[in-house]
$ cat protein-v5.cif   # mmCIF, C-alpha atoms
data_input
#
loop_
_atom_site.label_atom_id
_atom_site.label_comp_id
_atom_site.auth_asym_id
_atom_site.auth_seq_id
_atom_site.Cartn_x
_atom_site.Cartn_y
_atom_site.Cartn_z
CA MET T 1 -21.24 9.67 7.95
CA ILE T 2 -20.16 11.26 4.67
CA THR T 3 -17.78 14.19 4.74
CA LYS T 4 -15.25 16.08 2.64
CA ASP T 5 -12.91 16.15 5.62
CA ILE T 6 -10.20 13.53 5.17
CA SER T 7 -9.01 14.24 8.74
CA GLY T 8 -5.68 12.46 9.13
CA TYR T 9 -6.20 10.69 5.77
CA TYR T 10 -5.77 7.45 7.66
CA GLN T 11 -8.78 5.53 6.34
CA PHE T 12 -6.68 3.20 4.15
CA TYR T 13 -4.23 2.24 6.89
CA PRO T 14 -2.53 0.12 8.26
CA CYS T 15 0.22 0.14 5.63
CA ILE T 16 3.50 -1.74 5.46
CA VAL T 17 6.33 0.74 5.87
CA THR T 18 9.21 0.62 3.45
CA LEU T 19 12.52 2.31 4.17
CA VAL T 20 13.49 4.03 0.95
CA GLY T 21 17.26 4.15 0.51
CA ALA T 22 19.11 6.59 -1.72
CA ARG T 23 22.73 7.42 -2.34
CA ARG T 24 24.57 10.46 -3.67
CA LYS T 25 28.35 10.12 -3.74
CA ASP T 26 29.27 8.93 -0.23
CA LYS T 27 26.00 10.01 1.37
CA VAL T 28 23.52 7.22 2.01
CA ASN T 29 20.08 8.05 3.40
CA PHE T 30 16.88 6.23 4.33
CA MET T 31 13.36 7.53 4.83
CA ALA T 32 10.29 5.64 6.01
CA ALA T 33 7.42 5.66 3.51
CA ALA T 34 3.98 4.18 4.15
CA TRP T 35 2.66 5.33 0.79
CA ASN T 36 3.98 2.55 -1.38
CA ALA T 37 2.46 -0.05 -3.70
CA GLY T 38 3.13 -2.85 -6.12
CA LEU T 39 2.33 -1.73 -9.67
CA SER T 40 3.24 -4.30 -12.31
CA PHE T 41 4.38 -7.91 -12.59
CA ARG T 42 6.19 -7.77 -15.97
CA PRO T 43 8.38 -5.91 -15.50
CA PRO T 44 8.16 -5.88 -11.69
CA LEU T 45 7.51 -2.25 -10.77
CA PHE T 46 7.18 -0.79 -7.30
CA GLY T 47 6.06 2.75 -6.47
CA VAL T 48 6.62 5.19 -3.61
CA SER T 49 5.07 8.62 -3.14
CA ILE T 50 7.60 11.18 -1.85
CA HIS T 51 7.18 14.86 -0.99
CA PRO T 52 9.54 17.05 -3.03
CA LYS T 53 10.89 18.67 0.14
CA ARG T 54 12.16 15.36 1.49
CA PHE T 55 15.94 15.06 1.29
CA THR T 56 15.57 11.63 -0.33
CA HIS T 57 13.51 13.07 -3.19
CA ASP T 58 16.34 14.85 -4.99
CA MET T 59 18.83 12.10 -4.19
CA ILE T 60 16.64 9.71 -6.21
CA VAL T 61 16.08 12.26 -8.99
CA ASP T 62 19.85 12.65 -9.32
CA SER T 63 20.93 9.01 -8.96
CA GLU T 64 17.90 7.47 -10.72
CA GLU T 65 17.92 4.53 -8.33
CA PHE T 66 16.72 3.59 -4.86
CA THR T 67 16.20 0.65 -2.57
CA CYS T 68 13.05 -0.40 -0.68
CA ASN T 69 13.73 -2.17 2.59
CA PHE T 70 11.18 -4.03 4.71
CA LEU T 71 12.02 -4.34 8.39
CA SER T 72 10.20 -6.17 11.14
CA MET T 73 8.81 -4.62 14.31
CA GLU T 74 12.04 -5.48 16.17
CA HIS T 75 13.56 -2.55 14.25
CA ILE T 76 10.82 -0.07 15.10
CA ASP T 77 13.35 2.51 16.32
CA ILE T 78 14.93 2.63 12.86
CA ILE T 79 11.58 2.56 11.06
CA HIS T 80 10.06 5.37 13.10
CA GLY T 81 13.28 7.32 13.45
CA THR T 82 14.05 7.50 9.72
CA GLY T 83 10.59 8.93 9.20
CA ARG T 84 11.04 11.63 11.82
CA VAL T 85 14.47 13.19 11.19
CA SER T 86 15.94 14.53 7.95
CA GLY T 87 19.07 13.42 6.14
CA ARG T 88 19.80 17.13 5.74
CA ASP T 89 20.42 17.40 9.48
CA TYR T 90 21.75 13.96 10.37
CA ASP T 91 23.63 11.00 9.05
CA LYS T 92 20.79 8.55 9.74
CA VAL T 93 22.94 5.51 9.01
CA LYS T 94 25.20 6.46 11.93
CA LEU T 95 22.43 7.88 14.11
CA PHE T 96 20.37 4.70 14.00
CA SER T 97 23.28 2.28 13.47
CA ILE T 98 21.74 0.96 10.25
CA PRO T 99 23.68 -2.07 8.97
CA LEU T 100 24.22 -1.69 5.21
CA GLU T 101 24.39 -4.44 2.61
CA LYS T 102 26.00 -3.88 -0.79
CA SER T 103 23.56 -4.04 -3.65
CA LYS T 104 24.12 -6.40 -6.54
CA VAL T 105 22.98 -4.26 -9.47
CA ILE T 106 22.77 -0.64 -8.30
CA ASN T 107 25.09 1.62 -6.29
CA CYS T 108 22.71 2.35 -3.42
CA PRO T 109 22.92 -0.14 -0.53
CA THR T 110 20.08 -2.07 1.08
CA ILE T 111 19.64 -2.68 4.82
CA GLU T 112 21.19 -5.91 6.03
CA SER T 113 18.60 -6.49 8.75
CA ALA T 114 15.65 -6.21 6.34
CA TYR T 115 13.72 -9.46 5.86
CA ALA T 116 13.28 -8.38 2.22
CA ALA T 117 14.62 -5.54 0.08
CA TYR T 118 14.38 -4.37 -3.52
CA GLU T 119 17.02 -2.74 -5.67
CA CYS T 120 15.14 -0.36 -7.98
CA LYS T 121 16.04 1.62 -11.06
CA LEU T 122 13.88 4.70 -11.53
CA VAL T 123 11.69 4.39 -14.62
CA HIS T 124 9.03 7.09 -14.08
CA ARG T 125 8.45 10.07 -11.85
CA TYR T 126 4.82 11.10 -11.98
CA PRO T 127 3.38 14.23 -10.35
CA VAL T 128 0.64 13.40 -7.82
CA GLY T 129 -0.62 16.51 -6.02
CA ASP T 130 1.82 17.69 -3.37
CA HIS T 131 4.01 14.57 -3.81
CA ASN T 132 5.84 12.87 -6.66
CA PHE T 133 5.32 9.19 -7.38
CA PHE T 134 8.57 7.34 -8.06
CA VAL T 135 8.19 4.17 -10.07
CA GLY T 136 11.11 1.79 -9.80
CA LYS T 137 11.89 -1.35 -11.74
CA VAL T 138 12.89 -4.08 -9.31
CA VAL T 139 16.25 -5.28 -10.66
CA ALA T 140 17.21 -7.44 -7.68
CA VAL T 141 15.47 -8.86 -4.63
CA HIS T 142 17.18 -9.53 -1.31
CA TYR T 143 15.47 -11.85 1.10
CA ASN T 144 15.87 -14.39 3.76
CA LYS T 145 14.50 -17.68 2.41
CA ASN T 146 13.69 -18.77 5.95
CA VAL T 147 10.87 -16.25 6.24
CA LEU T 148 8.93 -17.62 3.28
CA THR T 149 6.17 -20.21 3.22
CA GLY T 150 6.12 -22.95 0.58
CA LYS T 151 4.02 -20.67 -1.64
CA ASN T 152 6.61 -17.88 -1.51
CA LEU T 153 4.40 -15.83 0.80
CA LEU T 154 5.96 -14.06 3.76
CA ASN T 155 5.42 -16.21 6.84
CA PRO T 156 3.70 -14.31 9.67
CA GLU T 157 4.99 -16.93 12.11
CA LYS T 158 8.51 -15.80 11.25
CA ILE T 159 8.02 -12.05 10.65
CA ASN T 160 6.63 -9.55 13.09
CA PHE T 161 5.32 -7.16 10.42
CA SER T 162 5.59 -3.43 11.03
CA LEU T 163 2.37 -1.86 9.80
CA TYR T 164 1.84 1.86 10.20
CA LEU T 165 -1.50 2.99 11.63
CA GLY T 166 -0.71 6.69 11.22
CA SER T 167 0.53 9.40 13.61
CA ASN T 168 3.06 7.63 15.89
CA SER T 169 1.27 4.26 15.99
CA TYR T 170 2.30 0.90 14.59
CA ILE T 171 0.68 -2.51 14.68
CA SER T 172 1.66 -6.04 13.77
CA ALA T 173 -0.25 -8.90 12.18
CA ASP T 174 -1.69 -11.79 14.12
CA PRO T 175 -0.46 -15.18 12.80
CA ASP T 176 -3.49 -16.85 14.39
CA SER T 177 -5.83 -14.77 12.24
CA VAL T 178 -4.66 -16.16 8.88
CA GLN T 179 -7.53 -17.19 6.60
CA ILE T 180 -6.92 -19.25 3.50
CA MET T 181 -9.68 -18.91 0.96
CA PRO T 182 -10.52 -21.27 -1.93
CA SER T 183 -8.99 -20.53 -5.35
CA GLU T 184 -12.30 -21.25 -7.03
CA ILE T 185 -15.32 -19.25 -6.02
CA GLU T 186 -18.53 -21.17 -5.56
CA ILE T 187 -21.17 -19.69 -7.80
CA PRO T 188 -24.57 -20.32 -6.21
CA MET T 189 -26.65 -20.17 -9.41
CA PRO T 190 -26.19 -19.71 -13.13
CA GLN T 191 -26.79 -16.17 -14.31
CA MET C 1 20.06 -14.37 -0.71
CA ILE C 2 20.01 -11.95 -3.64
CA THR C 3 18.11 -12.90 -6.77
CA LYS C 4 16.45 -11.46 -9.85
CA ASP C 5 13.51 -13.81 -9.27
CA ILE C 6 10.61 -11.90 -7.71
CA SER C 7 8.75 -15.22 -7.23
CA GLY C 8 5.19 -14.29 -6.26
CA TYR C 9 6.22 -10.61 -5.87
CA TYR C 10 4.89 -10.86 -2.34
CA GLN C 11 7.81 -9.30 -0.45
CA PHE C 12 5.94 -6.04 0.30
CA TYR C 13 2.82 -7.73 1.66
CA PRO C 14 0.57 -7.79 3.69
CA CYS C 15 -1.48 -5.05 2.02
CA ILE C 16 -4.87 -3.60 2.89
CA VAL C 17 -7.32 -4.63 0.20
CA THR C 18 -9.56 -1.99 -1.30
CA LEU C 19 -12.66 -2.88 -3.28
CA VAL C 20 -12.62 -0.60 -6.30
CA GLY C 21 -16.12 0.30 -7.43
CA ALA C 22 -17.04 1.50 -10.90
CA ARG C 23 -20.27 2.23 -12.70
CA ARG C 24 -21.30 2.38 -16.35
CA LYS C 25 -24.97 3.14 -16.92
CA ASP C 26 -26.82 0.65 -14.69
CA LYS C 27 -23.90 -1.72 -14.31
CA VAL C 28 -22.05 -1.47 -11.01
CA ASN C 29 -18.93 -3.53 -10.43
CA PHE C 30 -16.33 -4.06 -7.70
CA MET C 31 -12.87 -5.58 -7.86
CA ALA C 32 -10.46 -6.26 -5.03
CA ALA C 33 -7.12 -4.46 -5.37
CA ALA C 34 -4.19 -4.92 -3.01
CA TRP C 35 -1.96 -2.60 -5.06
CA ASN C 36 -3.15 0.72 -3.72
CA ALA C 37 -1.54 3.68 -1.96
CA GLY C 38 -2.02 7.14 -0.56
CA LEU C 39 -0.29 9.69 -2.77
CA SER C 40 -0.95 13.29 -1.72
CA PHE C 41 -2.53 15.26 1.13
CA ARG C 42 -3.47 18.46 -0.72
CA PRO C 43 -5.40 17.56 -2.69
CA PRO C 44 -6.06 14.13 -1.18
CA LEU C 45 -5.10 11.67 -3.90
CA PHE C 46 -5.37 7.90 -3.79
CA GLY C 47 -3.96 5.48 -6.35
CA VAL C 48 -4.79 1.96 -7.55
CA SER C 49 -2.91 -0.16 -10.08
CA ILE C 50 -5.26 -2.04 -12.42
CA HIS C 51 -4.52 -4.44 -15.27
CA PRO C 52 -6.01 -3.20 -18.58
CA LYS C 53 -7.78 -6.53 -19.09
CA ARG C 54 -9.82 -6.11 -15.90
CA PHE C 55 -13.46 -5.27 -16.56
CA THR C 56 -13.22 -2.42 -14.05
CA HIS C 57 -10.37 -0.79 -16.00
CA ASP C 58 -12.42 0.49 -18.92
CA MET C 59 -15.40 1.31 -16.71
CA ILE C 60 -13.19 3.81 -14.88
CA VAL C 61 -11.65 5.12 -18.10
CA ASP C 62 -15.15 5.80 -19.44
CA SER C 63 -16.79 7.20 -16.30
CA GLU C 64 -13.71 8.98 -14.92
CA GLU C 65 -14.69 8.11 -11.37
CA PHE C 66 -14.47 5.24 -8.91
CA THR C 67 -14.91 4.37 -5.26
CA CYS C 68 -12.47 2.68 -2.88
CA ASN C 69 -14.12 0.60 -0.17
CA PHE C 70 -12.42 -0.85 2.89
CA LEU C 71 -14.11 -3.88 4.42
CA SER C 72 -13.26 -5.79 7.54
CA MET C 73 -12.42 -9.50 7.72
CA GLU C 74 -16.08 -10.31 8.47
CA HIS C 75 -16.68 -9.65 4.76
CA ILE C 76 -13.86 -11.86 3.50
CA ASP C 77 -16.20 -13.68 1.11
CA ILE C 78 -16.92 -10.41 -0.71
CA ILE C 79 -13.29 -9.28 -0.61
CA HIS C 80 -11.88 -12.51 -1.95
CA GLY C 81 -14.77 -13.19 -4.30
CA THR C 82 -14.64 -9.83 -6.10
CA GLY C 83 -10.97 -10.49 -6.79
CA ARG C 84 -11.63 -13.91 -8.28
CA VAL C 85 -14.54 -13.51 -10.69
CA SER C 86 -15.02 -10.99 -13.48
CA GLY C 87 -17.80 -8.45 -13.91
CA ARG C 88 -17.87 -9.56 -17.53
CA ASP C 89 -19.29 -12.92 -16.45
CA TYR C 90 -21.28 -12.06 -13.35
CA ASP C 91 -23.21 -9.33 -11.64
CA LYS C 92 -20.99 -9.32 -8.56
CA VAL C 93 -23.33 -7.05 -6.61
CA LYS C 94 -26.03 -9.74 -6.82
CA LEU C 95 -23.66 -12.69 -6.63
CA PHE C 96 -22.10 -11.54 -3.36
CA SER C 97 -25.15 -9.60 -2.07
CA ILE C 98 -23.12 -6.38 -1.79
CA PRO C 99 -25.13 -3.66 -0.04
CA LEU C 100 -24.75 -0.39 -1.96
CA GLU C 101 -24.72 3.12 -0.57
CA LYS C 102 -25.42 6.14 -2.75
CA SER C 103 -22.44 8.43 -3.18
CA LYS C 104 -22.67 12.09 -2.32
CA VAL C 105 -20.59 13.62 -5.12
CA ILE C 106 -20.14 11.00 -7.85
CA ASN C 107 -22.47 8.58 -9.60
CA CYS C 108 -20.74 5.36 -8.59
CA PRO C 109 -21.95 3.87 -5.28
CA THR C 110 -19.87 2.84 -2.30
CA ILE C 111 -20.40 -0.29 -0.19
CA GLU C 112 -22.63 0.24 2.81
CA SER C 113 -20.86 -2.31 4.98
CA ALA C 114 -17.43 -0.72 4.47
CA TYR C 115 -15.92 0.82 7.60
CA ALA C 116 -14.52 3.53 5.32
CA ALA C 117 -14.91 4.43 1.65
CA TYR C 118 -13.69 7.10 -0.75
CA GLU C 119 -15.50 8.71 -3.64
CA CYS C 120 -12.82 9.48 -6.23
CA LYS C 121 -12.66 11.50 -9.42
CA LEU C 122 -10.05 10.28 -11.84
CA VAL C 123 -7.29 12.87 -12.28
CA HIS C 124 -4.46 10.84 -13.88
CA ARG C 125 -3.96 7.49 -15.53
CA TYR C 126 -0.28 6.64 -15.68
CA PRO C 127 1.19 3.64 -17.50
CA VAL C 128 3.12 1.33 -15.15
CA GLY C 129 4.39 -1.78 -16.94
CA ASP C 130 1.59 -4.30 -17.51
CA HIS C 131 -0.86 -2.25 -15.40
CA ASN C 132 -2.23 1.29 -15.41
CA PHE C 133 -2.10 3.42 -12.29
CA PHE C 134 -5.34 5.28 -11.65
CA VAL C 135 -4.98 8.40 -9.52
CA GLY C 136 -8.21 9.58 -7.94
CA LYS C 137 -8.97 12.78 -6.09
CA VAL C 138 -10.89 11.93 -2.93
CA VAL C 139 -13.98 14.14 -3.14
CA ALA C 140 -15.92 12.54 -0.27
CA VAL C 141 -15.13 10.18 2.59
CA HIS C 142 -17.62 7.74 4.09
CA TYR C 143 -16.87 6.34 7.48
CA ASN C 144 -18.22 5.12 10.69
CA LYS C 145 -17.06 7.52 13.41
CA ASN C 146 -17.27 4.72 15.96
CA VAL C 147 -14.26 2.97 14.45
CA LEU C 148 -11.89 5.92 14.96
CA THR C 149 -9.60 6.68 17.88
CA GLY C 150 -9.36 10.19 19.31
CA LYS C 151 -6.52 10.90 16.89
CA ASN C 152 -8.63 9.97 13.84
CA LEU C 153 -6.73 6.71 13.43
CA LEU C 154 -8.64 3.54 12.66
CA ASN C 155 -9.13 1.63 15.89
CA PRO C 156 -7.85 -1.97 15.69
CA GLU C 157 -10.02 -2.83 18.69
CA LYS C 158 -13.05 -2.02 16.54
CA ILE C 159 -11.92 -3.17 13.09
CA ASN C 160 -10.76 -6.62 12.12
CA PHE C 161 -8.54 -5.44 9.25
CA SER C 162 -8.40 -7.54 6.09
CA LEU C 163 -4.79 -7.59 4.96
CA TYR C 164 -3.82 -9.62 1.91
CA LEU C 165 -0.77 -11.87 2.23
CA GLY C 166 -0.90 -12.99 -1.41
CA SER C 167 -2.24 -16.09 -3.17
CA ASN C 168 -5.45 -16.99 -1.27
CA SER C 169 -4.23 -15.89 2.17
CA TYR C 170 -5.40 -13.06 4.37
CA ILE C 171 -4.35 -11.91 7.81
CA SER C 172 -5.62 -9.45 10.38
CA ALA C 173 -3.83 -7.09 12.76
CA ASP C 174 -3.30 -7.79 16.42
CA PRO C 175 -4.69 -4.99 18.65
CA ASP C 176 -2.38 -6.13 21.45
CA SER C 177 0.66 -5.45 19.29
CA VAL C 178 0.11 -1.68 18.95
CA GLN C 179 3.24 0.38 19.62
CA ILE C 180 3.05 4.12 20.10
CA MET C 181 6.35 5.84 19.44
CA PRO C 182 7.46 9.29 20.60
CA SER C 183 6.89 12.26 18.28
CA GLU C 184 10.35 13.58 19.01
CA ILE C 185 13.32 11.36 18.31
CA GLU C 186 16.02 11.29 20.93
CA ILE C 187 19.29 12.28 19.33
CA PRO C 188 22.07 10.61 21.30
CA MET C 189 24.84 13.08 20.41
CA PRO C 190 25.36 16.29 18.46
CA GLN C 191 26.69 15.71 14.97
#
$ encode --input "protein-v5.cif" --output "structure tokens"
Amino acid sequence: MITKDISGYYQFYPCIVTLVGARRKDKVNFMAAAWNAGLSFRPPLFGVSIHPKRFTHDMIVDSEEFTCNFLSMEHIDIIHGTGRVSGRDYDKVKLFSIPLEKSKVINCPTIESAYAAYECKLVHRYPVGDHNFFVGKVVAVHYNKNVLTGKNLLNPEKINFSLYLGSNSYISADPDSVQIMPSEIEIPMPQ
Amino acid sequence: MITKDISGYYQFYPCIVTLVGARRKDKVNFMAAAWNAGLSFRPPLFGVSIHPKRFTHDMIVDSEEFTCNFLSMEHIDIIHGTGRVSGRDYDKVKLFSIPLEKSKVINCPTIESAYAAYECKLVHRYPVGDHNFFVGKVVAVHYNKNVLTGKNLLNPEKINFSLYLGSNSYISADPDSVQIMPSEIEIPMPQ
């Protein structure tokens, strides 16, 4: 069927959730964001779409930096929880017992239990409808080398990915479903 | 470990692949893009990061519209293939026997075998490092109602999602891994 009704706007899910970290003075906050994407290799840029009413939004505008933290399904309580309560009302770091790790380049911490995390400096903030799109330059990468394959891919045998399906639902990837395709495409006939 | 080396820049994978469709006169082209994200609810905006050297890039700049097509793992040859060859060299629609579906609002077709597809009108093109970020307003949604759950989520029992792990690797989601979390977070103590 063809419709103008986007319903839950869930057609492009599942999406990897990133926990966006921000800091203002002594306050550290994290929010779960499924609307994120890689943007550029050189320099490495990563983007997250954030509603201006989110507490994290103005913290990033003020500090001009943020972290993006990728947690496995074992930490689903933190992932879901940081998306459901506001840093205006709660100290989420205490509430969810989030273990912090000092960043190397920026002042905002990452999450120690993340299998990978980015330290980002804000380089653009672009208006996108009812959200703003924050573009960060990745200035440092935290990761556990043990979760990588030889090709520097994340290893699904080692990471139970937390993919958001929308609403309150999450799903993980199936390591047995991995398909490796050829680098060169077979062209059946000259054109 | 903490490093400045992004290696393959694969830390935020796996990502749902979208096949970005563009049209210029009679030429229709599709390219696979893993760097995509939801951006806004009202209006519904969807974004894709595209390198300026990609054939699709200028087709979208000229036509100011594009489609985003989501295909299941059964169509992995099309998904992987459209990411590996250029529309400059081949007619990918013929090469990969891509079944087209007429769009309702725009002139660029969607892919008939997609479980969901968006018709998008270009509303912004933002520079992001070595890529450009195309922001499209979703003006029509194509989908198969049979693949949705009661909550309008995509049903992993019905769709074999094609998630890109990077390099030549793809993975699907595991329907048995679905976790449904509570809407309300339990707050252990007043703060």
$ atom_distance --input "protein-v5.cif" --atom1 "CA of Ile180 in chain T" --atom2 "CA of Met31 in chain C"
18.7 Å
$ resolve_selection --input "protein-v5.cif" --expression "the PyMOL selection byres ((chain T) within 7 of (chain C))" --output "ChimeraX atom specification"
/T:1-4,6-8,10-11,14-16,35-43,45,49,81,84,90,116,128-131,139-144,152-154,165-166,168-174,177-183,185,191
$ closest_residue --input "protein-v5.cif" --among "T:Asn146, T:Ser72, T:Ser97, T:Thr67" --to "Cys120 in chain T" --atoms "all atoms listed in the file"
T:Thr67
$ atom_distance --input "protein-v5.cif" --atom1 "CA of Gly87 in chain T" --atom2 "CA of Asp26 in chain T"
12.8 Å
$ atom_distance --input "protein-v5.cif" --atom1 "CA of Val61 in chain C" --atom2 "CA of Val28 in chain C"
14.2 Å
$ resolve_selection --input "protein-v5.cif" --expression "the PyMOL selection byres ((chain T and resi 113) around 7)" --output "MDAnalysis selection string"
chainID T and resid 71 99 111:112 114:115
$ closest_residue --input "protein-v5.cif" --among "C:Pro52, C:Ile106, C:Ala33, C:Arg23" --to "Val93 in chain C" --atoms "all atoms listed in the file"
C:Arg23
$ resolve_selection --input "protein-v5.cif" --expression "the PyMOL selection byres ((chain C and resi 60) around 9)" --output "ChimeraX atom specification"
/C:21-24,56-59,61-66,122,134
$ closest_residue --input "protein-v5.cif" --among "T:His75, T:Lys27, T:Lys102, T:Lys53" --to "Ile159 in chain T" --atoms "all atoms listed in the file"
T:His75
$ axis_aligned_box --input "protein-v5.cif" --around "range 97-105 of chain T" --padding-each-side "3 Å" --output "JSON"
{"center_x": 23.9, "center_y": -2.1, "center_z": 2.0, "size_x": 10.3, "size_y": 14.7, "size_z": 28.9}
